[in-house]
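Working notes, beginning with the structure itself.
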Amino acid sequence: MRCRPAKHTLIYDFKYDGLGFATLAFNNLSGLGRPARARCRSMARSSPTQTMERTIPIILPWDETFDIGSKTGTPVDDADYQVPFAFTGKIDKLTISVAPPVLTDADKQKLLEAEHAAQDAN
C-alpha cells in the first residue's frame with residue numbers, strides 16, 4: 001500500500017515516569033530505567049497510549065544513531081528490514097521538543113536528601 005504525497009504532522013508523545021539520569025548528580029539511581037507512556041498521533045488519528053514497564057537506563061549501543069529518514073544502525077527485527085534502510089519520501093521539517101521533568105515537592109525533597117547524603121559521605 002502506498003500513501004499519496006501530502007503534508008502530515010506526526011507526533012510521538014513520550015512521558016517518562018521518573019526524574020531521569022539527572023539523579024546521578026546526587027548519587028541517586030532512582031531516575032534510571034523508569035516506566036514511561038507513549039503514543040503516536042497525527043492530525044487525523046491517534047494510537048492508544050502504550051506503557052513501557054522499563055526504559056533503557058543509561059546509554060544506547062554506540063552503533064545506534066539518531067537517523068532521520070534512514071536507518072543505518074541495528075534493526076529491531078531483521079525480518080522487518082535490512083540496513084541501510086532509507087525513507088524514499090520527502091521530509092520538509094523536523095521539530096524535536098524536549099521538556100525537563102516536572103519535579104513534585106516530594107521529588108525535590110528526595111533529591112535534596114540524596115545530595116546531603118552524598119556530601120556526608122565525602
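Chain labels A, B, ... are given in the sequence in which chains occur in the C-alpha cells; within each chain residues are numbered consecutively from 1, and ligands are likewise numbered from 1 in the order shown.
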
Pick out the residues sitting within 10 Å of A:Tyr12, and hand them over as an mmCIF file with N, CA and C atoms, in the first residue's frame; count only C-alpha atoms, and ignore anything fewer than 6 positions along from it in its own chain.
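Wrote around.cif, looks like this:
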data_model
loop_
_atom_site.group_PDB
_atom_site.id
_atom_site.type_symbol
_atom_site.label_atom_id
_atom_site.label_comp_id
_atom_site.auth_asym_id
_atom_site.auth_seq_id
_atom_site.Cartn_x
_atom_site.Cartn_y
_atom_site.Cartn_z
ATOM 1 N N ALA A 38 3.765 6.232 26.076
ATOM 2 C CA ALA A 38 3.995 6.853 24.770
ATOM 3 C C ALA A 38 2.820 6.586 23.846
ATOM 4 N N ARG A 39 2.646 7.500 22.898
ATOM 5 C CA ARG A 39 1.645 7.289 21.851
ATOM 6 C C ARG A 39 2.039 8.102 20.627
ATOM 7 N N CYS A 40 1.600 7.619 19.484
ATOM 8 C CA CYS A 40 1.800 8.325 18.225
ATOM 9 C C CYS A 40 0.467 8.935 17.818
ATOM 10 N N ARG A 41 0.548 10.127 17.247
ATOM 11 C CA ARG A 41 -0.686 10.734 16.763
ATOM 12 C C ARG A 41 -0.390 11.609 15.550
ATOM 13 N N SER A 42 -1.422 11.804 14.783
ATOM 14 C CA SER A 42 -1.344 12.695 13.627
ATOM 15 C C SER A 42 -2.546 13.620 13.728
ATOM 16 N N SER A 47 -2.991 6.834 18.194
ATOM 17 C CA SER A 47 -2.870 5.453 18.650
ATOM 18 C C SER A 47 -3.146 5.408 20.148
ATOM 19 N N ILE A 96 12.018 18.771 17.188
ATOM 20 C CA ILE A 96 12.166 17.945 18.384
ATOM 21 C C ILE A 96 12.046 18.857 19.585
#

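Compared by their closest atoms to A:Arg54, and using only C-alpha atoms, the residues A:Pro84, A:Gly73, A:Gly18, A:Gly33 rank with A:Gly33 nearest.
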
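Using only C-alpha atoms, the nearest neighbour of A:Ile56 within the list A:Asp13, A:Tyr81, A:Ala36, A:Val102 is A:Ala36.
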
Residues at most 12 Å from A:Asp92, counting only C-alpha atoms, excluding those fewer than 2 positions away in the same chain, as a PDB file with N, CA, C and O atoms, in the first residue's frame?
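As a result, part-v5.pdb now contains:
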ATOM      1  N   ALA A   6       1.416  14.097   0.555  1.00  0.00           N
ATOM      2  CA  ALA A   6       0.647  15.149   1.229  1.00  0.00           C
ATOM      3  C   ALA A   6       1.451  15.623   2.427  1.00  0.00           C
ATOM      4  O   ALA A   6       2.435  14.994   2.812  1.00  0.00           O
ATOM      5  N   LYS A   7       1.034  16.710   3.009  1.00  0.00           N
ATOM      6  CA  LYS A   7       1.684  17.208   4.225  1.00  0.00           C
ATOM      7  C   LYS A   7       1.011  16.556   5.427  1.00  0.00           C
ATOM      8  O   LYS A   7      -0.216  16.539   5.529  1.00  0.00           O
ATOM      9  N   HIS A   8       1.818  15.989   6.314  1.00  0.00           N
ATOM     10  CA  HIS A   8       1.312  15.343   7.522  1.00  0.00           C
ATOM     11  C   HIS A   8       2.124  15.820   8.707  1.00  0.00           C
ATOM     12  O   HIS A   8       3.322  16.098   8.587  1.00  0.00           O
ATOM     13  N   THR A   9       1.477  15.892   9.841  1.00  0.00           N
ATOM     14  CA  THR A   9       2.172  16.171  11.091  1.00  0.00           C
ATOM     15  C   THR A   9       2.053  14.925  11.955  1.00  0.00           C
ATOM     16  O   THR A   9       0.944  14.495  12.274  1.00  0.00           O
ATOM     17  N   ILE A  68      17.319  10.372  10.716  1.00  0.00           N
ATOM     18  CA  ILE A  68      16.082  10.981  10.244  1.00  0.00           C
ATOM     19  C   ILE A  68      15.973  10.634   8.764  1.00  0.00           C
ATOM     20  O   ILE A  68      16.788  11.048   7.953  1.00  0.00           O
ATOM     21  N   GLY A  69      14.975   9.833   8.420  1.00  0.00           N
ATOM     22  CA  GLY A  69      14.774   9.471   7.025  1.00  0.00           C
ATOM     23  C   GLY A  69      15.561   8.267   6.571  1.00  0.00           C
ATOM     24  O   GLY A  69      15.498   7.871   5.423  1.00  0.00           O
ATOM     25  N   GLY A  89      10.508   9.147   0.652  1.00  0.00           N
ATOM     26  CA  GLY A  89       9.687  10.353   0.510  1.00  0.00           C
ATOM     27  C   GLY A  89      10.504  11.596   0.821  1.00  0.00           C
ATOM     28  O   GLY A  89      11.735  11.581   0.783  1.00  0.00           O
ATOM     29  N   LYS A  90       9.815  12.663   1.107  1.00  0.00           N
ATOM     30  CA  LYS A  90      10.479  13.925   1.417  1.00  0.00           C
ATOM     31  C   LYS A  90      10.037  14.392   2.794  1.00  0.00           C
ATOM     32  O   LYS A  90       8.838  14.415   3.088  1.00  0.00           O
ATOM     33  N   LEU A  94      11.504  18.851  10.579  1.00  0.00           N
ATOM     34  CA  LEU A  94      11.535  18.010  11.768  1.00  0.00           C
ATOM     35  C   LEU A  94      11.710  18.924  12.969  1.00  0.00           C
ATOM     36  O   LEU A  94      12.614  19.756  13.001  1.00  0.00           O
ATOM     37  N   THR A  95      10.836  18.781  13.950  1.00  0.00           N
ATOM     38  CA  THR A  95      10.938  19.559  15.177  1.00  0.00           C
ATOM     39  C   THR A  95      11.021  18.593  16.345  1.00  0.00           C
ATOM     40  O   THR A  95      10.192  17.695  16.456  1.00  0.00           O
TER      41      THR A  95
END

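Computed from the coordinates, the atom CA of A:Glu115 to atom CA of A:Pro100 distance equals 19.5 Å.
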
Check the DSSP output for the backbone and give back, as an NGL selection string, the residues of chain A in strand (DSSP E). :A and (10-16 or 36-42 or 50-52 or 70-71 or 85-86)

Expected file: the selected residues, C-alpha atoms, as a short mmCIF file (atom, residue, chain, number, x, y, z; two decimals), in the first residue's frame:
data_model
loop_
_atom_site.label_atom_id
_atom_site.label_comp_id
_atom_site.auth_asym_id
_atom_site.auth_seq_id
_atom_site.Cartn_x
_atom_site.Cartn_y
_atom_site.Cartn_z
CA LEU A 10 3.21 13.15 13.16
CA ILE A 11 3.74 13.48 16.90
CA TYR A 12 5.41 10.97 19.20
CA ASP A 13 4.36 11.87 22.73
CA PHE A 14 6.65 10.30 25.36
CA LYS A 15 6.08 10.80 29.10
CA TYR A 16 8.77 9.43 31.42
CA ALA A 36 7.09 5.54 30.54
CA ARG A 37 3.97 6.08 28.49
CA ALA A 38 3.99 6.85 24.77
CA ARG A 39 1.65 7.29 21.85
CA CYS A 40 1.80 8.32 18.23
CA ARG A 41 -0.69 10.73 16.76
CA SER A 42 -1.34 12.70 13.63
CA GLN A 50 1.31 2.26 25.37
CA THR A 51 3.01 1.68 28.73
CA MET A 52 6.64 0.60 28.88
CA SER A 70 17.06 6.44 7.12
CA LYS A 71 18.08 3.61 9.38
CA PHE A 85 17.00 1.35 5.07
CA ALA A 86 16.09 4.71 3.54
#

Interatomic distance, atom CA of A:Thr74 to atom CA of A:Phe21 (Å, one decimal): 24.3 Å

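Take atom CA of A:Asn27 and atom CA of A:Gln119: the distance between them is 9.7 Å.
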
Please report, as a count of residues only, each residue of chain A to which DSSP assigns helix (DSSP H, G or I) when run on this structure's backbone. 23

Which residues, written as a PyMOL selection string, have at least one atom at most 8 Å from A:Arg34, with only C-alpha atoms counted and residues fewer than 3 positions away on the same chain left out? chain A and resi 16-18+20+30-31+53-55+57
